[in-house]
Every structure is written in structure tokens, then in C-alpha cells.
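This is input-v4.txt. It holds compact mmCIF, C-alpha atoms.
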# COMPACT_ATOMS: atom_id res chain seq x y z
CA MET F 1 18.47 46.31 40.45
CA LYS F 2 20.19 45.27 43.71
CA ILE F 3 17.21 46.59 45.70
CA ILE F 4 14.80 44.53 43.56
CA LEU F 5 16.94 41.41 43.99
CA CYS F 6 17.02 41.90 47.75
CA ILE F 7 13.23 42.26 47.90
CA VAL F 8 12.78 39.09 45.85
CA THR F 9 15.23 37.21 48.08
CA VAL F 10 13.41 38.28 51.26
CA VAL F 11 10.06 37.25 49.80
CA LEU F 12 11.44 33.82 48.82
CA LEU F 13 12.97 33.28 52.26
CA LEU F 14 9.72 34.19 53.99
CA SER F 15 7.73 31.86 51.75
CA CYS F 16 10.14 28.98 52.47
CA THR F 17 9.91 29.43 56.24
CA LYS F 18 6.14 29.61 56.48
CA ASP F 19 4.56 27.27 59.02
CA ARG F 20 3.47 23.90 57.61
CA ASP F 21 -0.11 24.83 58.58
CA ASP F 22 -0.15 27.34 55.72
CA LEU F 23 1.56 25.50 52.87
CA LEU F 24 0.21 27.12 49.73
CA ASP F 25 0.13 24.55 46.99
CA GLN F 26 1.49 25.75 43.64
CA SER F 27 1.97 22.40 41.89
CA SER F 28 -1.41 22.18 40.17
CA THR F 29 -3.27 24.94 38.36
CA GLN F 30 -6.53 23.09 39.02
CA PHE F 31 -6.01 22.71 42.77
CA GLN F 32 -8.13 25.26 44.63
CA GLY F 33 -7.13 24.66 48.24
CA LYS F 34 -4.14 24.79 50.55
CA VAL F 35 -2.34 21.87 52.07
CA ALA F 36 -2.57 22.79 55.75
CA TRP F 37 -0.34 19.95 56.92
CA ILE F 38 0.95 16.48 56.14
CA LYS F 39 1.68 14.01 58.96
CA ASN F 40 3.05 10.51 59.01
CA PHE F 41 2.98 7.85 61.71
CA GLY F 42 4.61 4.49 62.23
CA GLY F 43 7.76 2.60 63.06
CA SER F 44 10.45 0.76 61.15
CA GLY F 45 8.06 -1.85 59.74
CA ASP F 46 4.90 -1.73 57.65
CA ASP F 47 2.22 0.70 58.86
CA THR F 48 -0.97 1.81 57.13
CA ALA F 49 -4.04 3.98 57.75
CA GLN F 50 -7.20 2.46 56.28
CA ALA F 51 -10.02 4.58 57.75
CA ILE F 52 -10.67 7.88 59.51
CA VAL F 53 -13.55 9.44 61.47
CA SER F 54 -14.08 12.81 63.12
CA THR F 55 -14.43 12.67 66.90
CA SER F 56 -16.78 14.61 69.14
CA ASP F 57 -13.92 16.68 70.62
CA GLY F 58 -12.95 18.09 67.22
CA GLY F 59 -10.14 15.63 66.61
CA PHE F 60 -9.83 12.44 64.62
CA ALA F 61 -9.50 8.70 65.04
CA VAL F 62 -7.58 6.67 62.45
CA LEU F 63 -7.61 2.90 62.11
CA GLY F 64 -5.17 0.73 60.22
CA PHE F 65 -2.72 -2.00 61.02
CA SER F 66 0.98 -2.29 61.82
CA ASN F 67 3.74 -4.82 62.29
CA SER F 68 6.17 -2.28 63.80
CA ILE F 69 7.31 -2.47 67.42
CA ASP F 70 9.04 0.91 67.62
CA GLY F 71 8.54 4.55 66.64
CA ASP F 72 4.97 5.64 67.30
CA LEU F 73 3.91 2.12 68.27
CA THR F 74 3.68 1.88 72.05
CA GLY F 75 3.42 -1.35 74.02
CA LYS F 76 3.74 -3.58 70.95
CA THR F 77 6.31 -6.40 71.15
CA THR F 78 5.50 -8.81 68.30
CA GLU F 79 6.39 -8.07 64.66
CA VAL F 80 3.07 -9.20 63.21
CA ASN F 81 0.13 -7.13 62.03
CA ASP F 82 -2.18 -5.81 64.75
CA TYR F 83 -5.18 -3.50 64.49
CA TRP F 84 -3.78 0.01 65.12
CA LEU F 85 -5.91 2.90 66.38
CA LEU F 86 -4.61 6.46 66.68
CA LYS F 87 -6.46 9.25 68.49
CA LEU F 88 -5.40 12.65 67.16
CA ASP F 89 -6.23 16.23 68.05
CA SER F 90 -7.56 18.75 65.53
CA ASP F 91 -4.02 19.49 64.30
CA GLY F 92 -3.18 15.84 63.68
CA ASN F 93 -1.04 15.42 66.78
CA VAL F 94 -1.15 12.00 68.45
CA GLU F 95 -2.97 12.00 71.80
CA TRP F 96 -2.73 8.22 72.16
CA ASN F 97 -2.41 5.15 70.01
CA LYS F 98 -3.09 1.49 70.79
CA THR F 99 -2.79 -1.85 69.06
CA TYR F 100 -5.15 -4.82 69.32
CA GLY F 101 -4.45 -8.38 68.32
CA GLY F 102 -2.48 -11.50 69.08
CA SER F 103 0.40 -13.52 67.70
CA LYS F 104 -0.99 -13.84 64.14
CA ASP F 105 -2.11 -11.60 61.28
CA ASP F 106 -4.78 -9.06 62.35
CA ARG F 107 -5.70 -6.22 59.99
CA GLY F 108 -7.96 -3.28 60.95
CA GLN F 109 -10.17 -1.96 58.13
CA SER F 110 -12.99 0.27 59.40
CA LEU F 111 -14.19 2.11 62.49
CA VAL F 112 -17.13 4.07 63.81
CA HIS F 113 -17.21 6.69 66.58
CA THR F 114 -20.00 5.30 68.74
CA ASN F 115 -22.86 7.17 70.40
CA ASP F 116 -21.31 6.64 73.86
CA GLY F 117 -18.10 8.41 72.81
CA GLY F 118 -16.10 5.23 72.22
CA TYR F 119 -15.28 3.27 69.10
CA ALA F 120 -16.12 0.06 67.30
CA ILE F 121 -13.41 -1.28 65.01
CA THR F 122 -13.51 -4.12 62.53
CA GLY F 123 -11.31 -5.98 60.09
CA TYR F 124 -10.07 -9.52 59.73
CA ALA F 125 -7.96 -11.43 62.23
CA MET F 126 -6.23 -14.78 62.59
CA SER F 127 -5.33 -14.57 66.28
CA ASP F 128 -7.01 -16.56 69.03
CA ASP F 129 -4.68 -15.25 71.74
CA GLY F 130 -3.70 -11.88 73.11
CA ASP F 131 -6.76 -9.65 72.71
CA GLY F 132 -8.55 -12.26 70.61
CA SER F 133 -10.54 -14.98 72.35
CA ASN F 134 -11.54 -17.13 69.40
CA ASN F 135 -10.70 -17.98 65.79
CA GLU F 136 -12.44 -20.54 63.62
CA GLY F 137 -9.72 -20.77 60.98
CA PHE F 138 -7.59 -18.44 58.86
CA HIS F 139 -9.10 -14.94 59.00
CA ASP F 140 -12.35 -14.24 60.86
CA ASN F 141 -14.43 -11.07 61.06
CA TRP F 142 -13.17 -9.52 64.33
CA ILE F 143 -15.14 -6.73 66.03
CA VAL F 144 -13.71 -4.83 69.01
CA LYS F 145 -15.73 -2.34 71.09
CA LEU F 146 -13.65 0.32 72.84
CA ASP F 147 -14.35 3.04 75.38
CA VAL F 148 -13.43 6.68 74.85
CA ALA F 149 -9.82 6.00 75.90
CA GLY F 150 -9.40 3.01 73.60
CA ASN F 151 -9.77 0.34 76.27
CA ILE F 152 -11.45 -2.90 75.19
CA GLU F 153 -15.02 -3.30 76.46
CA TRP F 154 -15.72 -6.47 74.48
CA GLU F 155 -14.54 -8.31 71.37
CA LYS F 156 -16.23 -10.90 69.19
CA SER F 157 -15.09 -13.08 66.30
CA PHE F 158 -17.36 -14.27 63.48
CA GLY F 159 -16.21 -16.78 60.90
CA PHE F 160 -15.72 -20.34 59.79
CA SER F 161 -12.78 -22.44 58.66
CA GLY F 162 -11.89 -20.32 55.62
CA HIS F 163 -10.89 -16.71 54.96
CA ASP F 164 -13.75 -14.49 56.19
CA HIS F 165 -13.08 -10.75 55.94
CA SER F 166 -14.86 -7.70 57.34
CA TYR F 167 -14.30 -4.36 55.57
CA ASP F 168 -16.87 -1.85 56.84
CA ILE F 169 -19.01 -1.20 59.93
CA ILE F 170 -21.81 1.20 60.90
CA GLN F 171 -23.71 1.75 64.14
CA THR F 172 -27.43 1.06 63.85
CA ASP F 173 -30.39 2.98 65.29
CA ASP F 174 -30.71 0.45 68.16
CA ASN F 175 -27.05 1.12 69.17
CA GLY F 176 -26.01 -2.21 67.72
CA PHE F 177 -23.76 -2.66 64.69
CA PHE F 178 -23.88 -3.95 61.13
CA PHE F 179 -20.71 -4.98 59.37
CA VAL F 180 -20.02 -6.35 55.90
CA GLY F 181 -17.35 -8.26 54.02
CA PHE F 182 -17.21 -11.66 52.47
CA LEU F 183 -17.87 -15.22 53.53
CA ASP F 184 -15.59 -18.00 52.29
CA ILE F 185 -18.57 -20.18 51.68
CA THR F 186 -16.62 -23.13 50.35
CA SER F 187 -15.30 -23.61 53.88
CA ALA F 188 -18.43 -22.63 55.81
CA ARG F 189 -20.79 -25.35 56.96
CA ALA F 190 -23.60 -23.27 58.46
CA ASP F 191 -24.19 -19.55 58.61
CA GLY F 192 -27.54 -19.04 60.29
CA ASN F 193 -29.30 -18.03 57.10
CA THR F 194 -31.58 -19.91 54.71
CA GLU F 195 -29.43 -22.27 52.68
CA LYS F 196 -29.34 -21.91 48.92
CA GLY F 197 -28.30 -24.07 46.01
CA GLY F 198 -30.49 -27.08 46.72
CA GLY F 199 -29.70 -27.11 50.42
CA SER F 200 -25.93 -27.07 49.98
CA LEU F 201 -23.98 -24.08 51.23
CA THR F 202 -20.89 -25.06 49.29
CA ALA F 203 -22.85 -25.14 46.03
CA HIS F 204 -23.69 -21.47 46.23
CA GLY F 205 -20.36 -19.87 45.44
CA VAL F 206 -16.70 -19.14 46.09
CA GLY F 207 -17.14 -15.98 48.15
CA GLU F 208 -20.31 -14.16 49.13
CA PHE F 209 -21.39 -10.69 50.21
CA TRP F 210 -21.76 -11.22 53.96
CA GLY F 211 -23.67 -8.92 56.31
CA THR F 212 -23.84 -9.43 60.08
CA LYS F 213 -26.11 -7.63 62.57
CA ILE F 214 -25.11 -7.65 66.24
CA ASP F 215 -26.64 -6.03 69.32
CA PRO F 216 -24.90 -3.37 71.48
CA THR F 217 -22.97 -6.05 73.39
CA GLY F 218 -21.79 -7.91 70.30
CA ASP F 219 -24.26 -10.79 70.37
CA LEU F 220 -25.36 -12.08 66.98
CA GLN F 221 -28.89 -11.09 65.88
CA TRP F 222 -28.81 -12.20 62.25
CA ARG F 223 -26.51 -12.61 59.28
CA GLY F 224 -27.05 -13.22 55.60
CA TYR F 225 -25.03 -13.91 52.51
CA PHE F 226 -25.72 -12.88 48.93
CA GLY F 227 -24.12 -13.79 45.62
CA GLY F 228 -23.73 -16.51 43.04
CA THR F 229 -21.43 -19.35 42.12
CA ASN F 230 -18.30 -17.24 41.62
CA ASN F 231 -16.45 -14.58 43.61
CA ASP F 232 -18.59 -11.84 45.24
CA ARG F 233 -17.31 -9.45 47.93
CA ALA F 234 -18.92 -6.55 49.81
CA HIS F 235 -16.51 -3.72 50.59
CA ALA F 236 -18.81 -1.07 52.07
CA VAL F 237 -22.23 -0.38 53.57
CA VAL F 238 -24.48 2.61 54.30
CA PRO F 239 -27.85 2.83 56.05
CA SER F 240 -30.93 3.39 53.92
CA GLU F 241 -33.64 5.90 54.82
CA ASP F 242 -36.11 3.12 55.72
CA GLY F 243 -33.84 1.50 58.31
CA GLY F 244 -32.31 -1.09 56.01
CA PHE F 245 -28.83 -1.32 54.54
CA VAL F 246 -27.22 -0.95 51.12
CA LEU F 247 -24.07 -2.96 50.48
CA SER F 248 -21.62 -2.37 47.64
CA GLY F 249 -18.75 -4.36 46.23
CA PHE F 250 -18.25 -6.53 43.20
CA THR F 251 -19.60 -9.72 41.67
CA GLU F 252 -18.09 -12.21 39.27
CA SER F 253 -21.30 -14.27 39.21
CA ASP F 254 -24.25 -14.34 36.83
CA ASP F 255 -26.69 -16.55 38.75
CA TYR F 256 -28.59 -16.96 42.04
CA ASP F 257 -28.95 -13.41 43.48
CA ILE F 258 -27.35 -11.63 40.50
CA SER F 259 -29.91 -10.89 37.82
CA ASP F 260 -28.24 -8.70 35.19
CA THR F 261 -24.48 -8.93 34.71
CA ARG F 262 -22.35 -6.96 32.27
CA GLY F 263 -18.93 -8.65 32.17
CA SER F 264 -16.32 -10.56 34.13
CA TYR F 265 -16.52 -8.42 37.30
CA ASP F 266 -19.20 -5.78 37.94
CA PHE F 267 -20.01 -3.22 40.60
CA TRP F 268 -22.80 -4.81 42.65
CA MET F 269 -25.25 -3.11 45.04
CA VAL F 270 -27.52 -5.07 47.39
CA LYS F 271 -30.38 -3.56 49.40
CA VAL F 272 -31.64 -5.47 52.46
CA ASP F 273 -34.23 -4.53 55.05
CA ARG F 274 -33.46 -4.21 58.75
CA ASN F 275 -33.88 -7.98 59.14
CA GLY F 276 -31.58 -8.92 56.28
CA ASN F 277 -34.18 -9.73 53.63
CA LEU F 278 -33.02 -8.99 50.08
CA LEU F 279 -35.11 -6.18 48.56
CA TRP F 280 -33.24 -5.38 45.35
CA GLU F 281 -29.85 -5.69 43.68
CA SER F 282 -28.13 -3.87 40.82
CA SER F 283 -25.07 -4.55 38.67
CA PHE F 284 -23.07 -1.93 36.75
CA GLY F 285 -20.13 -2.19 34.39
CA GLY F 286 -18.84 -3.15 31.00
CA THR F 287 -17.25 -6.20 29.45
CA GLY F 288 -14.04 -5.62 31.40
CA ILE F 289 -13.35 -5.70 35.13
CA GLU F 290 -15.04 -3.34 37.62
CA ILE F 291 -14.28 -3.39 41.36
CA SER F 292 -16.31 -1.18 43.72
CA GLN F 293 -14.64 -0.11 46.97
CA ASP F 294 -17.00 2.37 48.66
CA ILE F 295 -20.52 3.79 48.80
CA ALA F 296 -22.02 6.99 50.23
CA ASN F 297 -25.54 8.32 50.76
CA THR F 298 -26.61 11.35 48.74
CA ALA F 299 -28.93 14.19 49.75
CA ASP F 300 -31.68 13.06 47.36
CA GLY F 301 -31.98 9.62 48.97
CA GLY F 302 -29.78 7.92 46.40
CA TYR F 303 -26.20 6.69 46.48
CA VAL F 304 -22.78 7.12 44.92
CA VAL F 305 -20.59 4.07 44.37
CA VAL F 306 -16.90 4.29 43.53
CA GLY F 307 -14.09 1.99 42.46
CA HIS F 308 -12.28 1.35 39.19
CA THR F 309 -13.05 0.08 35.71
CA PHE F 310 -11.16 -1.44 32.79
CA SER F 311 -14.18 -1.14 30.48
CA ASN F 312 -15.27 1.42 27.89
CA ASP F 313 -18.67 -0.01 26.94
CA ILE F 314 -22.19 -0.78 28.23
CA ASP F 315 -22.50 1.32 31.42
CA VAL F 316 -19.01 2.85 31.16
CA SER F 317 -19.02 5.85 28.83
CA LYS F 318 -15.25 6.11 28.35
CA ASN F 319 -11.89 4.86 29.55
CA ASN F 320 -8.72 6.93 29.51
CA GLY F 321 -6.21 4.11 29.95
CA GLU F 322 -5.57 0.81 31.65
CA SER F 323 -7.91 1.48 34.56
CA ASP F 324 -9.87 4.57 35.58
CA MET F 325 -11.58 5.68 38.73
CA TRP F 326 -15.31 5.13 38.20
CA LEU F 327 -18.01 7.07 40.07
CA VAL F 328 -21.63 5.97 39.66
CA LYS F 329 -24.60 7.99 40.95
CA THR F 330 -27.80 6.00 41.49
CA ASP F 331 -31.31 6.76 42.64
CA SER F 332 -32.91 5.24 45.74
CA ILE F 333 -33.56 1.89 44.02
CA GLY F 334 -30.13 1.42 42.47
CA SER F 335 -30.75 2.70 38.93
CA ILE F 336 -27.94 4.71 37.32
CA VAL F 337 -28.53 8.48 37.19
CA TRP F 338 -25.07 9.29 35.81
CA GLU F 339 -21.53 7.90 35.79
CA LYS F 340 -18.07 9.42 35.37
CA THR F 341 -14.59 8.04 34.81
CA TYR F 342 -11.40 9.82 35.91
CA GLY F 343 -7.82 8.99 35.05
CA GLY F 344 -4.97 8.95 32.59
CA ALA F 345 -3.21 6.44 30.39
CA LEU F 346 -2.04 4.19 33.25
CA PHE F 347 -3.62 2.53 36.28
CA ASP F 348 -5.94 4.72 38.39
CA ALA F 349 -8.33 3.47 41.08
CA ALA F 350 -10.66 4.93 43.71
CA GLN F 351 -10.85 3.66 47.28
CA ALA F 352 -13.31 6.01 49.02
CA VAL F 353 -15.99 8.61 48.36
CA ILE F 354 -17.92 11.12 50.45
CA ALA F 355 -20.75 13.52 49.65
CA SER F 356 -19.40 17.00 50.44
CA LYS F 357 -21.33 19.80 52.11
CA ASP F 358 -21.62 21.82 48.89
CA GLY F 359 -23.51 19.02 47.13
CA GLY F 360 -20.52 17.60 45.28
CA PHE F 361 -18.27 14.66 46.05
CA VAL F 362 -14.71 13.93 47.11
CA VAL F 363 -13.02 10.80 45.80
CA VAL F 364 -9.64 9.48 46.98
CA GLY F 365 -7.52 6.65 45.64
CA ASN F 366 -4.30 6.22 43.73
CA SER F 367 -2.87 7.01 40.31
CA LYS F 368 0.11 6.00 38.18
CA SER F 369 -0.83 8.44 35.41
CA SER F 370 0.43 11.94 34.62
CA ASP F 371 -1.86 12.92 31.76
CA ILE F 372 -5.51 13.59 30.81
CA ASP F 373 -7.26 14.08 34.20
CA VAL F 374 -4.06 13.65 36.25
CA GLU F 375 -1.75 16.64 36.18
CA SER F 376 1.36 15.13 37.78
CA ASN F 377 2.92 11.97 39.17
CA ALA F 378 5.95 11.78 41.44
CA GLY F 379 6.66 8.11 40.73
CA GLU F 380 4.89 4.75 40.91
CA ASN F 381 1.46 5.19 42.59
CA ASP F 382 0.55 8.54 44.12
CA MET F 383 -2.35 9.33 46.40
CA TRP F 384 -4.97 11.06 44.25
CA ALA F 385 -7.87 13.22 45.43
CA ILE F 386 -10.64 14.60 43.22
CA LYS F 387 -13.29 17.17 44.15
CA THR F 388 -16.35 17.13 41.90
CA ASP F 389 -19.56 19.10 41.61
CA GLN F 390 -22.99 17.51 42.09
CA ASN F 391 -22.90 16.12 38.55
CA GLY F 392 -19.49 14.50 38.89
CA GLU F 393 -17.57 17.12 36.92
CA ILE F 394 -14.06 17.70 38.26
CA VAL F 395 -13.69 20.94 40.26
CA TRP F 396 -10.09 20.21 41.26
CA GLN F 397 -7.71 17.30 41.58
CA LYS F 398 -4.39 16.80 43.32
CA THR F 399 -1.79 14.04 43.63
CA PHE F 400 0.43 13.50 46.66
CA GLY F 401 3.45 11.24 46.78
CA GLY F 402 7.09 10.52 46.18
CA SER F 403 9.13 8.12 44.12
CA GLY F 404 7.75 5.05 45.92
CA ILE F 405 4.29 3.51 46.14
CA ASP F 406 1.65 5.68 47.84
CA PHE F 407 -2.04 4.94 48.35
CA GLY F 408 -5.05 6.91 49.56
CA PHE F 409 -7.64 4.81 51.39
CA ASP F 410 -10.18 7.10 53.08
CA VAL F 411 -11.43 10.68 53.25
CA ILE F 412 -13.66 12.82 55.47
CA GLU F 413 -14.85 16.42 55.49
CA THR F 414 -14.74 18.37 58.75
CA GLY F 415 -17.39 20.73 60.07
CA SER F 416 -15.33 23.67 58.81
CA GLY F 417 -15.14 22.22 55.31
CA ALA F 418 -11.56 20.93 55.47
CA ILE F 419 -10.81 17.64 53.73
CA ILE F 420 -8.71 14.99 55.48
CA LEU F 421 -7.10 12.15 53.54
CA VAL F 422 -5.45 9.05 54.98
CA GLY F 423 -3.44 6.28 53.41
CA GLU F 424 0.08 4.92 53.32
CA THR F 425 3.42 5.86 51.80
CA ALA F 426 6.49 3.84 50.90
CA SER F 427 8.32 6.93 49.61
CA ASP F 428 11.34 8.35 51.38
CA ASP F 429 10.86 11.64 49.52
CA PHE F 430 7.16 12.29 50.23
CA PRO F 431 6.92 16.09 50.63
CA TYR F 432 7.15 17.61 54.14
CA ILE F 433 7.59 14.32 56.03
CA LEU F 434 10.46 12.00 56.97
CA ASN F 435 9.76 8.33 56.30
CA ARG F 436 10.09 6.16 59.41
CA GLY F 437 10.12 2.66 57.95
CA LYS F 438 9.01 0.41 55.11
CA THR F 439 5.59 2.05 54.87
CA ASP F 440 4.08 4.77 57.05
CA ALA F 441 0.53 5.83 57.70
CA VAL F 442 0.04 9.27 56.16
CA MET F 443 -2.59 11.95 56.84
CA ILE F 444 -3.17 15.12 54.83
CA LYS F 445 -5.35 18.13 55.68
CA ILE F 446 -6.59 20.30 52.82
CA LYS F 447 -8.16 23.66 53.67

Could you take the file, read its structure, and then write that structure out as C-alpha cells?
Amino acid sequence: MKIILCIVTVVLLLSCTKDRDDLLDQSSTQFQGKVAWIKNFGGSGDDTAQAIVSTSDGGFAVLGFSNSIDGDLTGKTTEVNDYWLLKLDSDGNVEWNKTYGGSKDDRGQSLVHTNDGGYAITGYAMSDDGDGSNNEGFHDNWIVKLDVAGNIEWEKSFGFSGHDHSYDIIQTDDNGFFFVGFLDITSARADGNTEKGGGSLTAHGVGEFWGTKIDPTGDLQWRGYFGGTNNDRAHAVVPSEDGGFVLSGFTESDDYDISDTRGSYDFWMVKVDRNGNLLWESSFGGTGIEISQDIANTADGGYVVVGHTFSNDIDVSKNNGESDMWLVKTDSIGSIVWEKTYGGALFDAAQAVIASKDGGFVVVGNSKSSDIDVESNAGENDMWAIKTDQNGEIVWQKTFGGSGIDFGFDVIETGSGAIILVGETASDDFPYILNRGKTDAVMIKIK
């Protein structure tokens, strides 16, 4: 018996001292991978990771924002939010990190690894000093072009006197850029597009889907807004096969550009050609509230749109609780092919989706539930990742978090098939990391 106990003890000791790069997850019977590593970044303030891309050298670039002036933040002296870009190697180690902004609130949301090896980053900014040269009032869409080392090549601000936000950016086939967000049209006086609502911009709505096309040096080529008389916001964009763009977000309107609403807030997709002309639009939802956060291209020329829903009728086949993740697969013209909800009895929401190499999808977001589709919860919101097959059926799911509030905001798949999640944590007991401040940026690699 003593010999058996000794063998068991040795095995347990070896398993506890394994390198973090080979952390075998045992917490979920559904989980089919290994957590290779978990990393956190930040200072003593509030730090978040909003977006991630793979880089050409096999590493990663992560964009978010931070108001810290210590810890991992280098060269930052003002305790306000700045865009924050981290360049990491393939193991998640920081190679360099830089902040961009001025003396006011500047929040990075999305980035693209550009064809020249650099980066273009976008978000919304209030500063007209420091790295920012202009601001028209409150937040403006702020685009910054960087070289491979993160040095600013140029920066441009687009906005009017109200709150104008940019949430997503892609590089176009002419090496320019297209970015989307929303236009505070009640404050705008001219936007370079055909006016609607009897010639009055302010008659058209509260907030509009807003898409802006710029050339490779940041000069404006065209911009257009789409929506109705209520609140409409674009959160994401993908290129279409014909050179146009498909925007996704939500609409509260039932007039002007919106032709077929379901309830108070709906998922809304808008297809425009390469010159910004509206080709088609589609609404999805039920009688409750639906908010779409992301969109991805699919191999068949269609799209998947993800967010959350409070409904259980019309387009939404079921609801497990207060709010569920909602994944909608459409064809190339925005018609629903299938839809799936994921969640438990409490609040669950999706923030990002990708089409995986095996034909399925990976969805990341947050969950407060610990039942039905969600196996466990460590407290408050946890990061929640779901891997599905090509029909949206769950293959595996996994929550990550501690006793505080934790969010997942973006996800990518590497060339080797690993999945990388990024988000933020306010937990001081998040597994395998030591919290550095109020919130930290967090990054998780799943093999």
C-alpha cells in the first residue's frame, strides 16, 4: 500500500509542476483541447485587449486601451485611456508595446496587419493633442497607420460635433482601408453623402451605420451612412467576394433603409458595393432585443453573424435564459440558412466569431450562467469560448475566469490550428496569472 501511495504522490507532484505550455484541462468533460498558456498584461489601472491578429513572423499583435502608467506600459505618463498596441512572439511574450493618444479619452477597438508589414489601428478618440492632430467634438473615428515597429506613419480623424465611434477596420484591395462604426447624426451637419429625410441630416436618425473608405495615405475617398430614425450602429465589417463590403450591427429603426424589422432591436446586415452604394439589407431577431457584435465570411460565400438575443420567437428558435449568444448563418444575399442560441439561465453574450479551418466556427464572449450549455462559472462574468461544427452544433465549450468580471472580446485561429482568445479580467484569482491592477488584458492559447 505504501508503494502505491508513493507512486500516486510522485505522479501528482509531476502533474503539478508541468510547464504552463502543457496545462491539460480537466475542468470540462466537453472540452477537447489543452490550455497551452494564459498571459496577462497591464499596470495598476484599467487595461483591456479588444482585438488580435496574427503577424507575418508567427507572432501576434493585440490592440486595446489602457489608463495605466506603470507595469507593462512603457513611456506613458497620463492616467487617461490611450490606444494600446502589444507586439508578441509566438509564445505570447511581449516584444514591444506602445500607446497612442493625447490628454483625453482614446479607446482602441480594431486593427489590421497591413500588406507592408505594419499596422492600421482604429477606435474612437477625444484627443486633439499628443499623437492626435484634430478632433471635431467628443469622440471621433481615429485611424493610425504604423510601420512594422509601431511607429506612426500618419493619423487621421473623422467625425463631427457628437460621439462618432469606429469599431472595425479592414484593408482593401487597393491598399486603402474601410472602417465602420456609427455616426452621431443629430450632431453632424454634413457627411459627404446624399442627404436623406427631405434634405435634413438631423431628421434621419439618432445614430447611423457609418462606413468610411480612405486611400493608402488616409485621405477620404467616400463615406456613407445607413439607418432609420432611431439608434443604428455597425460593429463589424467583412469584404464581399465582388469587392464590396458587408456591415453588421444592430438597428432600432423600422423606416428609411430598414425594410423588415422584428422587434425593438434587431441584428442588421448591410451590403454596399465598392463605392458605398446600398445593395441589400437584412434584419434578424424576435420581439426582444438583439445586438450583433461581429461578422465573418464563410467558405460558401455567405456569412455568420454573432451577438446576443433576449427573444424566443420569430427568427430565434429558443432562449435558455435572460440572454443567449446567438449565431446566425446566412447565404450570400443575407437570407438565414440556420441559427443557433447558446447559453444558460443567466446573461450570456457573444463578442466575436471566426470560421475555423475544419469548416466549423469559434465564438467567444462572456457568460454568467453555469447550466444548460455552460458547464461552469467561477463568479460574475467569465470568458466563454464555443467551438461548433459547420451546422452550429457545439463541439466543445469552455469558460475561463475568476470571482470578478471577465470578458472575451476577440479570437483567431493560427496556421497550426491553435485558438487564441483575448479579453480582460478583473479577477484576482484568474487561474495561472497574477492580477496587476483594476483590470488586465488577458490572452489564452488553446491547442

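With atom CA of Gly244 of chain F on one side and atom CA of Asp116 of chain F on the other, the separation reads 22.3 Å.
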
Point to revise | Residues near Gly43 of chain F, cut-off 6 Å, only C-alpha atoms, skip fewer than 5 positions along chain, as a ChimeraX atom specification | key: /F:68,70-72,436-437

Review point. Which one of F:Asp131, F:Asp168, F:Glu136, F:Asp294 sits closest to Glu155 of chain F if you count all atoms listed in the file?
Key: F:Asp131

Practice item. Can you pull out every residue within 10 Å of Pro216 of chain F, counting only C-alpha atoms, but drop anything in the same chain fewer than 4 positions away, and send it as a ChimeraX atom specification? Key: /F:145,171-172,174-177,220

Exercise for review: Quick one: pull the distance between atom CA of Val411 of chain F and atom CA of Glu241 of chain F, Å, one decimal.
Suggested key: 22.8 Å

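Around the coordinate (-2.1, 12.9, 58.1), residues that reach within 7 Å when counting only C-alpha atoms are Ile38, Lys39, Asn40, Gly92, Leu421, Val422, Val442, Met443, Ile444 and Lys445 of chain F.
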
Point to revise | Residues within 9 Å of Asp315 of chain F, all atoms listed in the file, excluding chain neighbours under 5 positions, as a PyMOL selection string | key: chain F and resi 262+284-286+336+339

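Using only C-alpha atoms, the shortest contact distance between Thr309 of chain F and any of F:Gly162, F:Gly130, F:Gly343, F:Gly334 is found at F:Gly343.
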
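Of note, atom CA of Gly64 of chain F and atom CA of Gly102 of chain F are spaced 15.3 Å apart.
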
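Excluding Trp222 of chain F itself and any same-chain residue fewer than 5 positions from it, the protein and nucleic acid residues within 12 Å of it, counting all atoms listed in the file, are Phe158, Gly176, Phe177, Phe178, Phe179, Asp191, Gly192, Asn193, Thr194, Trp210, Gly211, Thr212, Lys213, Ile214, Asp215, Asp273, Arg274, Asn275, Gly276 and Asn277 of chain F.
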
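Of the residues under consideration (F:Ala426, F:Ile386, F:Gly33, F:Ser416), F:Ala426 shows the shortest atom-to-atom contact distance to Gly401 of chain F when counting all atoms listed in the file.
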
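Environment of (-15.4, -4.5, 27.2): residues at most 10 Å away, judged by all atoms listed in the file, are Arg262, Gly263, Ser264, Gly285, Gly286, Thr287, Gly288, Ile289, Thr309, Phe310, Ser311, Asn312, Asp313, Ile314 and Val316 of chain F.
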
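With distances taken over all atoms listed in the file, F:Gly117 is the one residue among F:Gly307, F:Gly404, F:Gly117, F:Gly181 lying closest to Val148 of chain F.
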
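Proximity ranking of F:Ser282, F:Gln293, F:Ser157, F:Thr114 relative to Gly101 of chain F places F:Ser157 first, based on all atoms listed in the file.
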
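The shortest atom-to-atom distance to Thr99 of chain F, with all atoms listed in the file taken into account, belongs to F:Thr78 out of F:Ser370, F:Asn230, F:Asn297, F:Thr78.
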
Write out, as a tab-separated table, each residue of segment 307-367 of chain F that has an atom at most 12 Å from segment 231-238 of chain F, together with the closest pair of atoms and their distance in Å to one decimal, counting all atoms listed in the file, rows going by chain and rising number.
residue	atom	partner	partner_atom	distance
F:Gly307	CA	F:His235	CA	10.2
F:Gln351	CA	F:His235	CA	9.9
F:Ala352	CA	F:Ala236	CA	9.5
F:Val353	CA	F:Ala236	CA	10.7
F:Ile354	CA	F:Val238	CA	11.4
